[in-house]
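The file run13.cif contains mmCIF, C-alpha atoms:
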```
data_coords
loop_
_atom_site.label_atom_id
_atom_site.label_comp_id
_atom_site.auth_asym_id
_atom_site.auth_seq_id
_atom_site.Cartn_x
_atom_site.Cartn_y
_atom_site.Cartn_z
CA MET A 26 84.07 63.71 80.46
CA THR A 27 87.13 63.98 82.68
CA PRO A 28 87.09 62.37 86.12
CA TRP A 29 86.74 65.70 87.85
CA GLU A 30 83.86 66.70 85.61
CA ALA A 31 82.13 63.49 86.57
CA GLU A 32 82.60 64.40 90.22
CA GLY A 33 80.38 67.40 89.62
CA PHE A 34 82.87 69.93 90.90
CA GLN A 35 82.06 69.39 94.53
CA ILE A 36 83.43 72.15 96.68
CA SER A 37 83.89 71.25 100.30
CA PRO A 38 82.33 73.50 102.97
CA GLU A 39 85.86 74.39 104.07
CA SER A 40 86.82 75.48 100.57
CA LEU A 41 83.60 77.48 100.21
CA ASP A 42 84.39 79.24 103.46
CA ALA A 43 87.89 80.04 102.20
CA LEU A 44 86.38 81.46 99.03
CA ARG A 45 83.89 83.52 101.02
CA GLU A 46 86.72 84.86 103.17
CA ALA A 47 88.61 85.84 100.01
CA PHE A 48 85.61 87.92 98.93
CA ASN A 49 85.31 89.33 102.45
CA ILE A 50 88.89 90.57 102.21
CA ALA A 51 88.32 92.00 98.74
CA PHE A 52 85.22 93.91 99.91
CA GLY A 53 87.03 95.16 102.97
CA HIS A 54 89.80 96.61 100.88
CA ALA A 55 87.35 98.02 98.34
CA ALA A 56 85.33 99.63 101.14
CA ALA A 57 88.48 101.28 102.49
CA ALA A 58 89.17 102.78 99.06
CA LEU A 59 85.55 103.94 98.71
CA ALA A 60 85.56 105.36 102.22
CA ARG A 61 88.50 107.57 101.26
CA LEU A 62 86.55 108.72 98.19
CA VAL A 63 83.31 109.54 100.01
CA GLN A 64 85.07 110.71 103.15
CA ARG A 65 82.75 108.66 105.29
CA ARG A 66 82.83 105.35 107.05
CA ILE A 67 81.26 102.40 105.26
CA LEU A 68 79.61 99.67 107.29
CA LEU A 69 80.06 96.28 105.66
CA SER A 70 77.91 93.22 105.96
CA PRO A 71 79.48 89.74 105.82
CA PRO A 72 79.20 88.50 102.23
CA LEU A 73 76.83 85.66 101.39
CA LEU A 74 78.28 83.34 98.78
CA GLN A 75 77.05 80.48 96.66
CA VAL A 76 78.39 78.63 93.66
CA VAL A 77 75.99 77.60 90.91
CA ARG A 78 76.06 76.58 87.28
CA ALA A 79 75.28 79.37 84.82
CA THR A 80 72.06 77.59 83.85
CA GLN A 81 70.81 77.82 87.45
CA ILE A 82 71.34 81.51 88.15
CA THR A 83 67.78 82.76 87.77
CA GLU A 84 66.59 79.99 90.12
CA VAL A 85 68.69 81.33 93.00
CA LEU A 86 68.11 85.05 92.54
CA GLU A 87 65.64 87.08 94.52
CA PRO A 88 62.92 88.76 92.41
CA SER A 89 64.48 92.17 93.03
CA TRP A 90 67.55 91.09 91.09
CA ARG A 91 65.51 89.74 88.19
CA GLN A 92 63.24 92.72 87.72
CA TYR A 93 63.43 96.48 87.38
CA THR A 94 66.44 98.41 86.20
CA GLY A 95 69.96 98.06 87.39
CA VAL A 96 73.45 99.33 86.83
CA VAL A 97 75.92 96.71 85.74
CA VAL A 98 79.67 97.05 85.69
CA TYR A 99 81.58 94.13 84.24
CA GLN A 100 85.12 93.21 83.46
CA SER A 101 86.97 90.31 81.86
CA PHE A 102 90.14 88.85 83.31
CA LEU A 103 92.75 86.40 82.09
CA GLY A 104 95.50 84.28 83.47
CA LEU A 105 95.41 81.10 85.52
CA LEU A 106 91.83 82.07 86.24
CA GLU A 107 89.89 83.57 83.37
CA GLY A 108 86.34 84.77 83.20
CA THR A 109 84.20 87.81 83.87
CA ALA A 110 83.20 89.71 86.96
CA SER A 111 79.90 91.60 87.03
CA LEU A 112 78.80 93.98 89.74
CA LEU A 113 75.11 94.79 89.89
CA VAL A 114 73.30 97.47 91.87
CA SER A 115 69.74 98.63 91.48
CA LEU A 116 69.22 101.94 89.73
CA GLU A 117 68.22 103.44 93.09
CA GLY A 118 71.34 101.96 94.66
CA GLY A 119 73.44 103.55 91.96
CA GLN A 120 71.79 106.90 92.58
CA GLU A 121 72.49 106.57 96.32
CA LEU A 122 76.16 105.92 95.63
CA LEU A 123 76.32 108.92 93.31
CA LYS A 124 74.80 111.15 95.99
CA LEU A 125 77.77 110.30 98.19
CA LEU A 126 80.31 111.05 95.51
CA LEU A 127 79.00 114.00 93.52
CA THR A 128 78.33 117.59 94.49
CA GLU A 129 75.45 117.57 92.02
CA PRO A 130 73.84 114.13 92.28
CA PRO A 131 71.52 112.90 89.52
CA LEU A 132 67.86 113.77 89.77
CA GLY A 133 66.55 111.15 87.37
CA ASP A 134 68.15 109.06 84.67
CA LEU A 135 71.87 108.50 84.88
CA SER A 136 74.05 110.41 82.47
CA PRO A 137 77.10 108.88 80.76
CA SER A 138 79.34 110.63 83.27
CA ASP A 139 77.26 109.19 86.16
CA ILE A 140 77.81 105.75 84.68
CA ASP A 141 81.52 106.51 84.42
CA VAL A 142 81.59 107.23 88.15
CA LEU A 143 79.81 103.97 88.97
CA THR A 144 82.10 102.12 86.59
CA GLU A 145 85.02 103.45 88.58
CA ILE A 146 83.45 102.08 91.76
CA GLY A 147 83.20 98.74 90.00
CA ASN A 148 86.85 99.09 89.00
CA ILE A 149 87.79 99.56 92.64
CA VAL A 150 85.86 96.46 93.71
CA PHE A 151 87.26 94.38 90.85
CA GLY A 152 90.78 95.56 91.55
CA ALA A 153 90.54 94.38 95.14
CA LEU A 154 88.96 91.10 94.03
CA ILE A 155 91.57 90.40 91.35
CA SER A 156 94.32 91.09 93.87
CA VAL A 157 92.87 88.60 96.35
CA LEU A 158 92.25 85.91 93.71
CA SER A 159 95.72 86.42 92.30
CA ASN A 160 97.24 85.87 95.76
CA LEU A 161 95.04 82.82 96.27
CA LEU A 162 96.20 81.27 93.01
CA GLN A 163 99.78 82.52 93.39
CA ALA A 164 99.58 83.77 89.83
CA ALA A 165 99.17 87.08 88.04
CA LEU A 166 95.80 87.93 86.55
CA VAL A 167 95.34 90.56 83.88
CA PHE A 168 92.11 92.36 83.25
CA ASP A 169 90.40 94.53 80.69
CA PRO A 170 89.05 97.97 81.58
CA PRO A 171 85.56 97.62 83.04
CA GLU A 172 82.41 98.66 81.22
CA GLY A 173 79.29 100.00 82.83
CA LYS A 174 75.71 100.44 81.69
CA VAL A 175 72.13 100.82 82.84
CA VAL A 176 70.08 97.76 81.92
CA PRO A 177 66.61 96.30 82.39
CA LEU A 178 67.65 93.35 84.53
CA GLU A 179 65.07 90.98 83.09
CA HIS A 180 66.70 91.37 79.68
CA TRP A 181 70.24 91.37 81.00
CA TRP A 182 69.94 87.90 82.50
CA ARG A 183 69.03 86.55 79.07
CA SER A 184 72.34 87.78 77.60
CA PRO A 185 74.88 88.12 80.41
CA PRO A 186 78.62 88.47 79.71
CA TRP A 187 79.03 84.71 79.97
CA GLU A 188 77.59 81.78 78.10
CA VAL A 189 74.58 80.29 79.77
CA LYS A 190 75.61 76.67 79.75
CA ASP A 191 76.24 73.96 82.29
CA ASP A 192 80.03 74.09 82.28
CA ILE A 193 80.16 77.78 83.17
CA TRP A 194 80.32 78.25 86.93
CA LEU A 195 79.12 81.32 88.77
CA ILE A 196 80.36 82.51 92.12
CA VAL A 197 77.44 84.61 93.35
CA VAL A 198 78.12 87.01 96.19
CA ARG A 199 75.61 89.24 97.96
CA SER A 200 76.66 92.06 100.21
CA GLN A 201 75.81 95.57 101.16
CA PHE A 202 77.50 98.83 101.98
CA GLN A 203 75.90 101.17 104.46
CA VAL A 204 76.94 104.81 104.58
CA SER A 205 75.16 107.08 107.07
CA ASP A 206 71.49 106.11 106.65
CA SER A 207 71.90 104.92 103.08
CA THR A 208 72.23 101.20 102.30
CA THR A 209 73.24 99.85 98.93
CA ASN A 210 72.78 96.16 98.17
CA PHE A 211 74.90 94.68 95.46
CA LEU A 212 75.40 91.44 93.67
CA LEU A 213 78.77 90.33 92.41
CA ILE A 214 79.00 87.46 89.96
CA VAL A 215 82.26 85.91 88.89
CA ALA A 216 81.79 83.61 85.91
CA VAL A 217 84.46 81.06 85.03
CA GLU A 218 84.63 78.07 82.73
CA ALA A 219 85.18 74.55 83.98
CA LEU A 220 88.97 74.33 83.75
CA PRO A 221 89.82 77.62 85.48
CA PHE A 222 87.13 76.85 88.04
CA ARG A 223 88.87 73.56 88.76
CA ARG A 224 92.15 75.47 89.27
CA LEU A 225 90.44 77.70 91.78
CA GLN A 226 88.92 74.71 93.51
CA GLN A 227 92.32 73.01 93.75
CA ALA A 228 93.94 76.19 95.07
CA LEU A 229 91.28 76.41 97.77
CA GLU A 230 91.73 72.75 98.70
CA ARG A 231 95.48 73.30 99.12
CA LEU A 232 94.78 76.20 101.45
CA VAL A 233 92.39 74.36 103.70
CA LEU A 234 94.45 71.19 104.08
CA MET B 9 102.21 79.50 126.26
CA ALA B 10 98.99 81.47 126.24
CA LYS B 11 95.30 80.70 125.96
CA ILE B 12 94.05 82.58 122.92
CA LEU B 13 90.42 83.11 121.96
CA ILE B 14 89.93 83.49 118.18
CA VAL B 15 86.69 85.21 117.19
CA ASP B 16 85.93 85.05 113.47
CA ASP B 17 82.90 83.81 111.51
CA SER B 18 85.24 82.22 108.96
CA SER B 19 86.54 78.78 109.92
CA PHE B 20 89.20 79.26 107.26
CA SER B 21 90.41 82.44 108.94
CA ARG B 22 90.48 80.76 112.35
CA MET B 23 92.51 77.92 110.88
CA LEU B 24 94.99 80.36 109.33
CA ILE B 25 95.47 82.09 112.67
CA ARG B 26 96.05 78.79 114.48
CA LYS B 27 98.54 77.72 111.83
CA ALA B 28 100.37 81.04 111.93
CA LEU B 29 100.74 81.01 115.70
CA GLY B 30 101.74 77.36 115.92
CA GLU B 31 101.47 74.87 118.73
CA GLU B 32 102.97 77.11 121.35
CA HIS B 33 99.53 78.30 122.45
CA THR B 34 96.16 76.77 123.18
CA PHE B 35 93.19 78.05 121.27
CA LEU B 36 89.51 78.65 121.87
CA GLU B 37 87.26 79.57 118.97
CA ALA B 38 84.02 81.43 118.50
CA ASP B 39 82.25 82.25 115.26
CA ARG B 40 79.86 84.82 116.74
CA GLY B 41 80.12 87.70 119.15
CA GLU B 42 77.69 86.30 121.69
CA GLN B 43 79.54 83.00 121.84
CA ALA B 44 82.83 84.89 122.23
CA LEU B 45 81.55 86.78 125.26
CA GLU B 46 80.31 83.58 126.89
CA LEU B 47 83.64 81.87 126.25
CA TYR B 48 85.62 84.81 127.57
CA ALA B 49 83.63 84.89 130.79
CA ARG B 50 84.05 81.16 131.29
CA GLU B 51 87.64 80.60 130.12
CA GLN B 52 89.39 83.92 130.84
CA PRO B 53 91.82 83.68 127.89
CA ASP B 54 95.08 85.59 127.91
CA LEU B 55 94.40 87.17 124.55
CA VAL B 56 91.55 87.65 122.08
CA ILE B 57 91.99 87.91 118.31
CA LEU B 58 88.79 89.51 117.09
CA ASP B 59 87.28 89.98 113.62
CA LEU B 60 84.97 92.94 113.01
CA THR B 61 82.61 92.02 110.18
CA MET B 62 80.55 89.12 111.49
CA PRO B 63 76.88 88.17 111.34
CA GLY B 64 74.95 89.35 114.37
CA MET B 65 77.02 91.39 116.79
CA HIS B 66 79.67 93.55 115.15
CA GLY B 67 83.21 93.07 116.39
CA ALA B 68 83.40 96.61 117.76
CA GLU B 69 80.41 95.87 120.00
CA VAL B 70 82.04 92.63 121.10
CA LEU B 71 85.13 94.62 122.01
CA ARG B 72 83.08 97.16 123.93
CA ARG B 73 81.39 94.42 125.95
CA LEU B 74 84.64 92.56 126.54
CA LYS B 75 86.21 95.67 127.97
CA ALA B 76 83.13 96.29 130.10
CA MET B 77 83.45 92.73 131.41
CA ASP B 78 87.21 92.96 131.92
CA ALA B 79 89.00 96.29 131.60
CA GLU B 80 92.31 94.44 131.35
CA ALA B 81 91.20 92.23 128.43
CA ARG B 82 93.89 92.02 125.76
CA VAL B 83 92.40 92.21 122.30
CA ILE B 84 94.00 92.25 118.86
CA VAL B 85 91.63 93.10 116.02
CA GLY B 86 92.26 91.07 112.86
CA THR B 87 90.05 92.36 110.07
CA ALA B 88 89.56 93.00 106.37
CA ASP B 89 87.84 96.28 107.29
CA ILE B 90 90.91 98.48 107.01
CA GLN B 91 89.11 101.82 106.90
CA GLU B 92 90.87 104.45 108.96
CA GLN B 93 87.73 105.19 110.97
CA SER B 94 87.21 101.53 111.80
CA MET B 95 90.77 101.20 113.05
CA GLN B 96 90.49 104.38 115.10
CA GLU B 97 87.24 103.18 116.63
CA VAL B 98 88.63 99.87 117.87
CA LEU B 99 91.85 101.45 119.15
CA ALA B 100 89.76 103.98 121.06
CA LEU B 101 87.74 101.07 122.49
CA GLY B 102 90.95 99.56 123.81
CA ALA B 103 92.20 97.15 121.16
CA LEU B 104 95.96 96.73 121.41
CA CYS B 105 96.46 96.84 117.65
CA VAL B 106 94.85 96.08 114.31
CA VAL B 107 96.24 93.39 112.03
CA PRO B 108 94.84 93.74 108.51
CA LYS B 109 93.67 90.76 106.48
CA PRO B 110 95.09 89.03 104.57
CA PHE B 111 97.31 88.19 107.52
CA THR B 112 100.99 87.58 107.21
CA ARG B 113 102.43 85.06 109.62
CA GLU B 114 105.12 87.53 110.68
CA ARG B 115 102.72 90.38 111.44
CA LEU B 116 100.37 88.16 113.38
CA GLN B 117 103.17 86.59 115.41
CA GLU B 118 104.62 90.02 116.14
CA ALA B 119 101.25 91.35 117.28
CA VAL B 120 100.70 88.37 119.60
CA ARG B 121 104.23 88.61 120.98
CA ASP B 122 103.77 92.31 121.75
CA ALA B 123 100.33 91.75 123.26
CA LEU B 124 101.47 89.00 125.58
CA GLY B 125 104.72 90.64 126.48
CA GLY B 126 103.22 93.96 127.42
#
```
Encoded form (structure tokens):
Amino acid sequence: MTPWEAEGFQISPESLDALREAFNIAFGHAAAALARLVQRRILLSPPLLQVVRATQITEVLEPSWRQYTGVVVYQSFLGLLEGTASLLVSLEGGQELLKLLLTEPPLGDLSPSDIDVLTEIGNIVFGALISVLSNLLQAALVFDPPEGKVVPLEHWWRSPPWEVKDDIWLIVVRSQFQVSDSTTNFLLIVAVEALPFRRLQQALERLVL
Amino acid sequence: MAKILIVDDSSFSRMLIRKALGEEHTFLEADRGEQALELYAREQPDLVILDLTMPGMHGAEVLRRLKAMDAEARVIVGTADIQEQSMQEVLALGALCVVPKPFTRERLQEAVRDALGG
């Protein structure tokens, strides 16, 4: 066990705030891109952020994120920070987003082309996030094309795109977009292993000093 | 030297603004809209740098109330919400300019210089 592993990866409140602000910026930029797509203003809520070990995730999630059906878009990225980013919305939330984007919104189950549209929304969010993290770390990050699918959330948490073990760290971010009278809640999870997480932690500490 | 009120729920963001603007000015800070309005009424700062997306009162409402309190209030909006409609709204409410996040030191300094010089 390295000395910093023994420390338990403590993130100072100041560093957590810097990380939250990074996600705030990413969501702001993503919302601007989405607003141009839907031709309407998007009202953002301040993101709520927490950092947990992968083994703890189901303990911190609200029941609504552990049950029912959701749409998941996820993407892997590499570089000084490597891991996966997963964007979750409820099935109803996905349908609300599609209503804003499509002239013929879905009436029931989502078709493959509906999922493609939502995957593109995920791509926009991830692009903004990768850009912000890349600036934070002063290093380029490369990423795979995102994948999207409709999943029963209860099953998805058992086999997420990361290994469920103690040395995988999850940055869990909750936020919502409101367009007209429609509100979509979403959950963004960035999963990184211990070493890249330590790099991120050190980058944050340099910023706040 | 000016007295500048920074309104942002992120302490990190407030720190970045202070660092960017240097020791030339004195700073007041608020992390919520209500606190910002109280501080403005009490301290009468020369300039306000105002975030939009905050818990509780939205920055646009803070701006509206600031202007109602003091029509001459000088306000720069510094925000990650870079939607065209958001920027138009705050400019229509009387903000002097919008500085998008992530801030650059140069852009922030320029905005403050213009705001105080005008």
Let me have the centre and edge lengths of the axis-aligned box enclosing all listed atoms of stretch 92-109 of chain A with 6 Å padding on every side, in Å to one decimal, as JSON.
```
{"center_x": 79.4, "center_y": 90.2, "center_z": 84.8, "size_x": 44.3, "size_y": 30.2, "size_z": 17.9}
```
Residues of chain B within 10 Å of chain A, counting all atoms listed in the file - could you list those as an MDAnalysis selection string? chainID B and resid 17:21 23:24 60:64 66 87:94 108:110
On this structure, which residues satisfy the PyMOL selection byres ((chain A and resi 144) around 7), written as a ChimeraX atom specification? /A:98,140-143,145-148,171-173
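You will find atom CA of B:Ile12 at 18.3 Å from atom CA of B:Arg72.
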Separation of atom CA of A:Gln81 from atom CA of A:Pro221, in Å and rounded to one decimal: 19.1 Å
Find the residues near B:Val120: any atom within 12 Å, counting all atoms listed in the file, skip ones fewer than 5 places away on the same chain, and give them as a PyMOL selection string. chain B and resi 9-14+25-26+28-30+32-33+54-57+82-86+104-107+113-115+125-126
Could you turn the residues from that selection into a file that holds C-alpha atoms, as a CSV table (one decimal), in the coordinates of the input?
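What ended up in out-v4.csv:
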```csv
chain,number,residue,atom,x,y,z
B,9,MET,CA,102.2,79.5,126.3
B,10,ALA,CA,99.0,81.5,126.2
B,11,LYS,CA,95.3,80.7,126.0
B,12,ILE,CA,94.0,82.6,122.9
B,13,LEU,CA,90.4,83.1,122.0
B,14,ILE,CA,89.9,83.5,118.2
B,25,ILE,CA,95.5,82.1,112.7
B,26,ARG,CA,96.0,78.8,114.5
B,28,ALA,CA,100.4,81.0,111.9
B,29,LEU,CA,100.7,81.0,115.7
B,30,GLY,CA,101.7,77.4,115.9
B,32,GLU,CA,103.0,77.1,121.4
B,33,HIS,CA,99.5,78.3,122.4
B,54,ASP,CA,95.1,85.6,127.9
B,55,LEU,CA,94.4,87.2,124.6
B,56,VAL,CA,91.6,87.6,122.1
B,57,ILE,CA,92.0,87.9,118.3
B,82,ARG,CA,93.9,92.0,125.8
B,83,VAL,CA,92.4,92.2,122.3
B,84,ILE,CA,94.0,92.2,118.9
B,85,VAL,CA,91.6,93.1,116.0
B,86,GLY,CA,92.3,91.1,112.9
B,104,LEU,CA,96.0,96.7,121.4
B,105,CYS,CA,96.5,96.8,117.6
B,106,VAL,CA,94.8,96.1,114.3
B,107,VAL,CA,96.2,93.4,112.0
B,113,ARG,CA,102.4,85.1,109.6
B,114,GLU,CA,105.1,87.5,110.7
B,115,ARG,CA,102.7,90.4,111.4
B,125,GLY,CA,104.7,90.6,126.5
B,126,GLY,CA,103.2,94.0,127.4
```
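Here atom CA of A:Pro177 and atom CA of A:Leu106 stand 29.2 Å from one another.
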